[in-house]
$ cat model-v9.cif   # mmCIF, C-alpha atoms and all ligand atoms
data_upload
loop_
_atom_site.label_atom_id
_atom_site.label_comp_id
_atom_site.auth_asym_id
_atom_site.auth_seq_id
_atom_site.Cartn_x
_atom_site.Cartn_y
_atom_site.Cartn_z
CA MET A 222 0.00 0.00 0.00
CA SER A 223 1.39 3.41 -0.94
CA LYS A 224 2.31 5.64 1.99
CA VAL A 225 1.04 9.21 2.15
CA HIS A 226 3.44 11.84 3.50
CA VAL A 227 1.86 15.19 4.45
CA PHE A 228 4.32 18.07 4.85
CA ASP A 229 2.83 20.29 7.53
CA HIS A 230 5.91 22.51 7.89
CA PRO A 231 4.83 26.05 8.87
CA LEU A 232 6.59 27.65 5.88
CA ILE A 233 4.85 25.31 3.45
CA GLN A 234 1.48 25.83 5.12
CA HIS A 235 1.87 29.62 5.14
CA LYS A 236 2.79 29.79 1.46
CA LEU A 237 0.02 27.37 0.49
CA SER A 238 -2.52 29.46 2.39
CA ILE A 239 -1.60 32.50 0.27
CA MET A 240 -1.95 30.39 -2.90
CA ARG A 241 -5.44 29.27 -1.87
CA ASP A 242 -6.65 32.88 -1.54
CA LYS A 243 -8.66 33.78 -4.66
CA ASN A 244 -7.19 37.31 -4.56
CA THR A 245 -3.64 36.02 -5.07
CA GLY A 246 -2.59 36.87 -8.64
CA THR A 247 -0.70 34.86 -11.23
CA LYS A 248 2.75 36.24 -10.43
CA ALA A 249 2.56 35.47 -6.72
CA PHE A 250 0.86 32.10 -7.39
CA ARG A 251 3.68 31.05 -9.70
CA GLU A 252 6.41 32.17 -7.30
CA LEU A 253 4.78 30.43 -4.33
CA LEU A 254 4.34 27.15 -6.23
CA ASP A 255 8.00 27.32 -7.16
CA GLU A 256 9.04 27.89 -3.54
CA ILE A 257 6.79 25.17 -2.13
CA ALA A 258 7.98 22.64 -4.74
CA MET A 259 11.55 23.35 -3.60
CA LEU A 260 10.67 22.95 0.07
CA MET A 261 8.74 19.74 -0.64
CA VAL A 262 11.46 18.05 -2.65
CA TYR A 263 13.88 18.58 0.23
CA GLU A 264 11.64 16.22 2.24
CA VAL A 265 10.76 13.90 -0.67
CA ALA A 266 14.50 13.28 -1.08
CA ARG A 267 15.05 12.54 2.61
CA ASP A 268 15.49 8.77 2.13
CA LEU A 269 17.71 8.91 -0.97
CA PRO A 270 20.81 6.79 -0.42
CA THR A 271 24.27 8.29 0.05
CA GLU A 272 27.68 6.66 -0.20
CA PRO A 273 31.08 7.45 1.26
CA VAL A 274 33.42 9.32 -1.10
CA GLU A 275 37.08 10.22 -0.49
CA ILE A 276 37.90 13.90 -1.01
CA GLU A 277 40.60 16.27 0.07
CA THR A 278 39.66 19.50 1.86
CA PRO A 279 42.23 22.32 2.05
CA ILE A 280 43.16 20.77 5.41
CA CYS A 281 43.27 17.00 4.93
CA LYS A 282 41.89 13.93 3.19
CA THR A 283 38.49 12.86 4.46
CA THR A 284 35.51 10.68 3.68
CA VAL A 285 32.22 12.48 3.00
CA GLN A 286 28.70 11.37 2.05
CA MET A 287 27.40 12.04 -1.44
CA LEU A 288 24.20 11.03 -3.24
CA ALA A 289 24.30 7.49 -4.56
CA GLY A 290 21.80 5.14 -6.11
CA LYS A 291 19.52 5.92 -9.00
CA PRO A 292 19.68 9.36 -10.62
CA ILE A 293 16.51 11.45 -10.46
CA GLY A 294 13.95 12.17 -13.18
CA ILE A 295 11.16 14.73 -12.82
CA ILE A 296 7.97 14.14 -14.80
CA PRO A 297 5.50 17.06 -14.72
CA ILE A 298 1.95 16.26 -15.81
CA LEU A 299 1.01 18.96 -18.35
CA ARG A 300 0.12 21.65 -17.87
CA ALA A 301 0.10 22.61 -14.21
CA GLY A 302 2.93 20.23 -13.24
CA LEU A 303 5.31 22.51 -15.14
CA GLY A 304 4.99 25.01 -12.30
CA MET A 305 6.82 22.65 -9.94
CA VAL A 306 9.83 21.86 -12.12
CA ASP A 307 12.06 24.90 -11.51
CA GLY A 308 11.73 24.68 -7.73
CA ILE A 309 12.81 21.04 -7.81
CA THR A 310 15.69 21.52 -10.23
CA ASN A 311 16.99 24.35 -8.02
CA LEU A 312 17.77 21.63 -5.48
CA ILE A 313 18.49 18.71 -7.84
CA PRO A 314 20.14 20.41 -10.83
CA ASN A 315 21.26 17.15 -12.45
CA ALA A 316 17.73 15.75 -12.67
CA LYS A 317 16.49 14.95 -16.16
CA ILE A 318 13.00 16.14 -17.04
CA GLY A 319 10.31 14.21 -18.92
CA HIS A 320 6.85 15.47 -19.86
CA ILE A 321 3.51 13.73 -20.02
CA GLY A 322 0.31 15.31 -21.33
CA LEU A 323 -3.20 13.92 -20.93
CA TYR A 324 -6.71 14.98 -21.86
CA ARG A 325 -9.98 13.39 -20.91
CA ASP A 326 -11.92 11.89 -23.83
CA PRO A 327 -15.36 13.57 -23.71
CA GLN A 328 -17.13 10.33 -24.73
CA THR A 329 -15.36 7.73 -22.64
CA LEU A 330 -14.08 10.11 -19.92
CA GLU A 331 -10.89 8.04 -20.08
CA PRO A 332 -7.57 9.94 -19.92
CA VAL A 333 -5.81 9.90 -23.30
CA GLU A 334 -2.07 10.49 -23.56
CA TYR A 335 -1.32 13.23 -26.12
CA TYR A 336 2.34 13.74 -25.35
CA CYS A 337 5.07 11.75 -23.66
CA LYS A 338 8.78 12.33 -23.80
CA LEU A 339 10.81 10.69 -21.05
CA PRO A 340 14.58 10.70 -20.48
CA ALA A 341 16.17 7.92 -22.58
CA ASP A 342 17.30 6.12 -19.42
CA ALA A 343 14.06 6.78 -17.48
CA GLU A 344 13.71 3.16 -16.38
CA GLN A 345 17.01 3.44 -14.50
CA ARG A 346 15.94 6.60 -12.67
CA GLU A 347 13.98 7.39 -9.53
CA LEU A 348 11.05 9.31 -11.02
CA PHE A 349 9.16 12.13 -9.28
CA VAL A 350 5.80 12.60 -11.04
CA VAL A 351 4.64 16.12 -10.17
CA ASP A 352 1.27 17.86 -10.43
CA PRO A 353 -0.16 20.46 -8.03
CA MET A 354 -3.60 18.81 -7.81
CA LEU A 355 -4.64 15.19 -7.06
CA ALA A 356 -8.44 15.36 -7.38
CA THR A 357 -10.15 12.19 -8.66
CA GLY A 358 -6.69 10.77 -9.26
CA GLY A 359 -7.61 9.91 -12.86
CA SER A 360 -4.83 11.99 -14.43
CA ALA A 361 -2.08 10.88 -12.06
CA SER A 362 -3.12 7.24 -12.21
CA ALA A 363 -3.10 7.26 -16.01
CA ALA A 364 0.22 9.15 -16.16
CA ILE A 365 1.82 6.60 -13.85
CA ARG A 366 0.33 3.74 -15.89
CA PHE A 367 1.75 5.17 -19.13
CA ILE A 368 5.15 5.67 -17.49
CA LYS A 369 5.14 2.10 -16.15
CA GLN A 370 4.27 0.82 -19.65
CA ARG A 371 7.63 2.27 -20.72
CA GLY A 372 9.41 0.07 -18.20
CA CYS A 373 9.75 2.51 -15.27
CA HIS A 374 9.05 1.26 -11.77
CA ASN A 375 10.64 3.58 -9.21
CA ILE A 376 8.00 6.27 -9.03
CA ARG A 377 6.97 8.84 -6.38
CA LEU A 378 3.97 11.13 -6.79
CA VAL A 379 4.36 14.73 -5.54
CA ASN A 380 1.26 16.95 -5.26
CA LEU A 381 0.52 20.23 -3.58
CA ILE A 382 -3.07 19.39 -2.58
CA ALA A 383 -4.79 15.99 -2.59
CA ALA A 384 -8.40 14.93 -2.09
CA PRO A 385 -9.08 11.66 -0.25
CA GLU A 386 -10.65 10.30 -3.46
CA GLY A 387 -7.42 10.85 -5.40
CA VAL A 388 -5.25 9.26 -2.75
CA ALA A 389 -7.56 6.21 -2.62
CA ARG A 390 -7.37 5.90 -6.42
CA ILE A 391 -3.56 5.89 -6.45
CA GLN A 392 -3.40 3.47 -3.54
CA LYS A 393 -5.72 1.10 -5.43
CA ASP A 394 -4.13 1.44 -8.89
CA HIS A 395 -0.48 1.89 -7.87
CA PRO A 396 0.15 0.54 -4.37
CA ASP A 397 3.91 0.73 -5.03
CA VAL A 398 3.85 4.53 -5.49
CA ASN A 399 4.28 6.70 -2.40
CA ILE A 400 2.45 10.03 -2.34
CA TYR A 401 3.89 13.31 -1.00
CA VAL A 402 1.52 16.24 -0.42
CA ALA A 403 1.52 19.65 1.27
CA ALA A 404 -2.14 19.28 2.26
CA MET A 405 -4.89 16.66 2.42
CA ASP A 406 -8.13 18.50 1.75
CA GLU A 407 -11.67 17.56 2.65
CA LYS A 408 -13.41 16.29 -0.50
CA LEU A 409 -14.31 16.87 -4.16
CA ASN A 410 -17.28 18.97 -5.23
CA GLU A 411 -19.78 17.92 -7.93
CA HIS A 412 -17.46 19.30 -10.65
CA GLY A 413 -14.47 17.29 -9.46
CA TYR A 414 -12.75 20.30 -7.87
CA ILE A 415 -10.96 19.93 -4.56
CA VAL A 416 -12.70 21.56 -1.56
CA PRO A 417 -11.46 23.94 -0.24
CA GLY A 418 -8.58 23.56 -2.75
CA LEU A 419 -7.29 26.52 -4.73
CA GLY A 420 -9.41 26.37 -7.89
CA ASP A 421 -7.99 25.46 -11.28
CA ALA A 422 -4.23 25.23 -10.80
CA GLY A 423 -3.35 25.47 -14.51
CA ASP A 424 -5.50 28.54 -15.08
CA ARG A 425 -4.16 30.30 -11.99
CA LEU A 426 -0.57 29.43 -12.88
CA PHE A 427 -0.74 30.53 -16.51
CA GLY A 428 -3.40 33.24 -16.18
CA THR A 429 -5.70 31.60 -18.71
CA LYS A 430 -8.95 32.50 -16.95
C1 LIG B 1 -5.63 19.43 -13.40
C2 LIG B 1 -4.48 19.12 -12.48
C3 LIG B 1 -4.35 17.63 -12.62
C4 LIG B 1 -5.80 17.19 -12.81
C5 LIG B 1 -6.31 16.66 -11.51
O1 LIG B 1 -5.21 19.46 -14.70
O2 LIG B 1 -3.31 19.83 -12.79
O3 LIG B 1 -3.56 17.23 -13.74
O4 LIG B 1 -6.54 18.37 -13.16
O5 LIG B 1 -7.59 16.15 -11.66
P1 LIG B 1 -7.88 14.59 -11.53
O6 LIG B 1 -7.12 14.11 -10.33
O7 LIG B 1 -9.38 14.54 -11.32
O8 LIG B 1 -7.45 13.92 -12.79
P2 LIG B 1 -6.22 19.79 -15.90
O9 LIG B 1 -6.80 18.50 -16.43
O10 LIG B 1 -7.17 20.86 -15.46
O11 LIG B 1 -5.25 20.32 -17.02
P3 LIG B 1 -4.26 21.59 -16.99
O12 LIG B 1 -3.07 21.24 -16.13
O13 LIG B 1 -3.90 21.74 -18.44
O14 LIG B 1 -5.01 22.79 -16.46
N1 LIG B 2 -7.86 20.30 -11.16
C1 LIG B 2 -7.57 21.52 -10.62
O1 LIG B 2 -6.80 22.30 -11.20
N2 LIG B 2 -8.12 21.83 -9.45
C2 LIG B 2 -8.96 21.01 -8.79
O2 LIG B 2 -9.44 21.36 -7.71
C3 LIG B 2 -9.25 19.75 -9.38
C4 LIG B 2 -8.67 19.42 -10.56
#
$ encode --input "model-v9.cif" --output "structure tokens" --more "lines below"
Ligand code: PRP
Ligand code: URA
Amino acid sequence: MSKVHVFDHPLIQHKLSIMRDKNTGTKAFRELLDEIAMLMVYEVARDLPTEPVEIETPICKTTVQMLAGKPIGIIPILRAGLGMVDGITNLIPNAKIGHIGLYRDPQTLEPVEYYCKLPADAEQRELFVVDPMLATGGSASAAIRFIKQRGCHNIRLVNLIAAPEGVARIQKDHPDVNIYVAAMDEKLNEHGYIVPGLGDAGDRLFGTK
């Protein structure tokens, strides 16, 4: 069963509260998402393995700890996931970035992949799939399914806000994928929006409404 990690750090909560406010404009929204993504990835990366490496300081030779194990890949779900990439690459500059785009077929309501470009060695990487909102979980579940179909199996899901319905969907469809969120909200409304949420993340990020 996937574990859910909720980051209730005061700085994250404060910044997220400003993002939720409907009077917060696009510029501030974008900057805050960037900052929170950076703060979150610091915690998401907490269990990454390190290994001893010999170096020489100006004073003497010594053994230090450096990141080991699988290199990192970041996979934003288009569009809103793009808003989390810069914050994460500020902390993990060597990460490779893949993109996955989905739309919901109006007839079947099934998510359809319209774009996918992953790093060539994605299956050897630890992949962070990022999207600010986990609502029904349909988009994230499909994105993870498409990524797994390409042979990738070390996947973490990083969201700003999750609804219980979305978390349950990922736990059912992808029990191997741990979920990292800044907030667990109450529920979905009849339009599939998270309550209280922050509205449409893509529109607020890109100013399209
Ligand atoms: C939003 C959000 C997630 C999805 C969550 O994207 O960024 O990808 O909805 O909803 P779900 O959990 O019910 O699938 P949207 O489809 O609005 O596209 P956008 O990023 O282009 O705005
Ligand atoms: N997508 C969003 O952008 N916001 C929600 O609340 C739900 C889905």
$ closest_atom_pairs --input "model-v9.cif" --of "chain A" --to "ligand LIG 1 (chain B)" --cutoff "7 Å" --atoms "only C-alpha atoms and all ligand atoms" --output "JSON lines"
{"residue": "A:Ile298", "atom": "CA", "partner": "B:LIG1", "partner_atom": "O3", "distance": 6.0}
{"residue": "A:Leu299", "atom": "CA", "partner": "B:LIG1", "partner_atom": "O12", "distance": 5.2}
{"residue": "A:Arg300", "atom": "CA", "partner": "B:LIG1", "partner_atom": "O12", "distance": 3.7}
{"residue": "A:Ala301", "atom": "CA", "partner": "B:LIG1", "partner_atom": "O12", "distance": 4.0}
{"residue": "A:Gly302", "atom": "CA", "partner": "B:LIG1", "partner_atom": "O2", "distance": 6.3}
{"residue": "A:Tyr324", "atom": "CA", "partner": "B:LIG1", "partner_atom": "O9", "distance": 6.5}
{"residue": "A:Asp352", "atom": "CA", "partner": "B:LIG1", "partner_atom": "O2", "distance": 5.5}
{"residue": "A:Pro353", "atom": "CA", "partner": "B:LIG1", "partner_atom": "O2", "distance": 5.7}
{"residue": "A:Met354", "atom": "CA", "partner": "B:LIG1", "partner_atom": "C2", "distance": 4.8}
{"residue": "A:Leu355", "atom": "CA", "partner": "B:LIG1", "partner_atom": "O6", "distance": 4.2}
{"residue": "A:Ala356", "atom": "CA", "partner": "B:LIG1", "partner_atom": "O6", "distance": 3.5}
{"residue": "A:Thr357", "atom": "CA", "partner": "B:LIG1", "partner_atom": "O7", "distance": 3.6}
{"residue": "A:Gly358", "atom": "CA", "partner": "B:LIG1", "partner_atom": "O6", "distance": 3.5}
{"residue": "A:Gly359", "atom": "CA", "partner": "B:LIG1", "partner_atom": "O8", "distance": 4.0}
{"residue": "A:Ser360", "atom": "CA", "partner": "B:LIG1", "partner_atom": "O8", "distance": 3.6}
{"residue": "A:Ala361", "atom": "CA", "partner": "B:LIG1", "partner_atom": "O8", "distance": 6.2}
{"residue": "A:Gly387", "atom": "CA", "partner": "B:LIG1", "partner_atom": "O6", "distance": 5.9}
{"residue": "A:Gly413", "atom": "CA", "partner": "B:LIG1", "partner_atom": "O7", "distance": 6.1}
{"residue": "A:Asp421", "atom": "CA", "partner": "B:LIG1", "partner_atom": "O10", "distance": 6.3}
{"residue": "A:Ala422", "atom": "CA", "partner": "B:LIG1", "partner_atom": "O2", "distance": 5.8}
{"residue": "A:Gly423", "atom": "CA", "partner": "B:LIG1", "partner_atom": "O14", "distance": 3.7}
{"residue": "A:Asp424", "atom": "CA", "partner": "B:LIG1", "partner_atom": "O14", "distance": 5.9}
$ atom_distance --input "model-v9.cif" --atom1 "atom CA of Leu419 of chain A" --atom2 "atom CA of Gly304 of chain A"
14.5 Å
$ closest_residue --input "model-v9.cif" --among "A:Gly420, A:Gly308, A:Pro332, A:Pro279" --to "Arg366 of chain A" --atoms "all atoms listed in the file"
A:Pro332
$ axis_aligned_box --input "model-v9.cif" --around "segment 358-371 of chain A" --padding-each-side "5 Å" --output "JSON"
{"center_x": 0.0, "center_y": 6.4, "center_z": -15.0, "size_x": 25.2, "size_y": 21.2, "size_z": 21.5}
$ atom_distance --input "model-v9.cif" --atom1 "atom CA of Thr247 of chain A" --atom2 "atom CA of Phe427 of chain A"
6.8 Å
$ residues_around --input "model-v9.cif" --residues "Ile257 of chain A" --least-positions-apart "6" --cutoff "10 Å" --atoms "all atoms listed in the file" --output "count of residues only"
12
$ atom_distance --input "model-v9.cif" --atom1 "atom CA of Arg346 of chain A" --atom2 "atom CA of Leu323 of chain A"
22.1 Å
$ closest_residue --input "model-v9.cif" --among "A:Leu260, A:Ile295, A:Ala289, A:Ile321" --to "Val274 of chain A" --atoms "only C-alpha atoms"
A:Ala289
$ residues_around --input "model-v9.cif" --residues "Cys337 of chain A" --least-positions-apart "6" --cutoff "8 Å" --atoms "only C-alpha atoms" --output "ChimeraX atom specification"
/A:319-322
$ write_last_selection --input "model-v9.cif" --atoms "C-alpha atoms" --output "PDB file, in the coordinates of the input"
ATOM      1  CA  GLY A 319      10.310  14.210 -18.920  1.00  0.00           C
ATOM      2  CA  HIS A 320       6.850  15.470 -19.860  1.00  0.00           C
ATOM      3  CA  ILE A 321       3.510  13.730 -20.020  1.00  0.00           C
ATOM      4  CA  GLY A 322       0.310  15.310 -21.330  1.00  0.00           C
TER       5      GLY A 322
END
$ residues_around --input "model-v9.cif" --residues "segment 405-408 of chain A" --least-positions-apart "6" --cutoff "7 Å" --atoms "only C-alpha atoms" --output "PyMOL selection string"
chain A and resi 382-385+415-418
$ closest_residue --input "model-v9.cif" --among "A:Arg241, A:Thr284, A:Glu334, A:Thr278" --to "ligand LIG 2 (chain B)" --atoms "only C-alpha atoms and all ligand atoms"
A:Arg241
$ residues_near_point --input "model-v9.cif" --point "(15.3, 5.0, -18.7)" --cutoff "12 Å" --atoms "all atoms listed in the file" --output "JSON, numbers by chain"
{"A": [291, 292, 293, 294, 317, 318, 319, 338, 339, 340, 341, 342, 343, 344, 345, 346, 347, 348, 368, 369, 370, 371, 372, 373, 374, 375]}
$ closest_residue --input "model-v9.cif" --among "A:Glu386, A:His395, A:Val333, A:Pro273" --to "ligand LIG 2 (chain B)" --atoms "all atoms listed in the file"
A:Glu386
$ closest_residue --input "model-v9.cif" --among "A:Thr245, A:Ile296, A:Leu409, A:Ser362" --to "Arg390 of chain A" --atoms "only C-alpha atoms"
A:Ser362
$ closest_residue --input "model-v9.cif" --among "A:Cys281, A:Asp397, A:Asn380, A:Thr329" --to "ligand LIG 2 (chain B)" --atoms "all atoms listed in the file"
A:Asn380
$ decode --input "model-v9.cif" --residues "segment 268-310 of chain A" --atoms "C-alpha atoms" --output "mmCIF file, in the first residue's frame"
data_model
loop_
_atom_site.group_PDB
_atom_site.id
_atom_site.type_symbol
_atom_site.label_atom_id
_atom_site.label_comp_id
_atom_site.auth_asym_id
_atom_site.auth_seq_id
_atom_site.Cartn_x
_atom_site.Cartn_y
_atom_site.Cartn_z
ATOM 1 C CA ASP A 268 15.490 8.767 2.130
ATOM 2 C CA LEU A 269 17.707 8.910 -0.972
ATOM 3 C CA PRO A 270 20.808 6.787 -0.418
ATOM 4 C CA THR A 271 24.265 8.286 0.050
ATOM 5 C CA GLU A 272 27.679 6.657 -0.197
ATOM 6 C CA PRO A 273 31.084 7.445 1.257
ATOM 7 C CA VAL A 274 33.425 9.323 -1.097
ATOM 8 C CA GLU A 275 37.084 10.225 -0.490
ATOM 9 C CA ILE A 276 37.896 13.902 -1.010
ATOM 10 C CA GLU A 277 40.599 16.275 0.070
ATOM 11 C CA THR A 278 39.659 19.505 1.858
ATOM 12 C CA PRO A 279 42.234 22.325 2.053
ATOM 13 C CA ILE A 280 43.156 20.771 5.412
ATOM 14 C CA CYS A 281 43.268 16.998 4.926
ATOM 15 C CA LYS A 282 41.893 13.927 3.191
ATOM 16 C CA THR A 283 38.490 12.859 4.460
ATOM 17 C CA THR A 284 35.510 10.678 3.683
ATOM 18 C CA VAL A 285 32.225 12.477 2.997
ATOM 19 C CA GLN A 286 28.701 11.365 2.050
ATOM 20 C CA MET A 287 27.399 12.038 -1.445
ATOM 21 C CA LEU A 288 24.202 11.030 -3.237
ATOM 22 C CA ALA A 289 24.302 7.487 -4.558
ATOM 23 C CA GLY A 290 21.802 5.136 -6.106
ATOM 24 C CA LYS A 291 19.515 5.916 -9.000
ATOM 25 C CA PRO A 292 19.675 9.357 -10.622
ATOM 26 C CA ILE A 293 16.512 11.453 -10.464
ATOM 27 C CA GLY A 294 13.946 12.171 -13.181
ATOM 28 C CA ILE A 295 11.164 14.726 -12.822
ATOM 29 C CA ILE A 296 7.966 14.144 -14.796
ATOM 30 C CA PRO A 297 5.503 17.063 -14.720
ATOM 31 C CA ILE A 298 1.950 16.260 -15.811
ATOM 32 C CA LEU A 299 1.012 18.964 -18.347
ATOM 33 C CA ARG A 300 0.124 21.652 -17.871
ATOM 34 C CA ALA A 301 0.104 22.611 -14.212
ATOM 35 C CA GLY A 302 2.925 20.228 -13.242
ATOM 36 C CA LEU A 303 5.314 22.510 -15.144
ATOM 37 C CA GLY A 304 4.987 25.013 -12.304
ATOM 38 C CA MET A 305 6.820 22.648 -9.939
ATOM 39 C CA VAL A 306 9.834 21.865 -12.120
ATOM 40 C CA ASP A 307 12.059 24.902 -11.514
ATOM 41 C CA GLY A 308 11.729 24.679 -7.729
ATOM 42 C CA ILE A 309 12.809 21.040 -7.805
ATOM 43 C CA THR A 310 15.692 21.523 -10.232
#
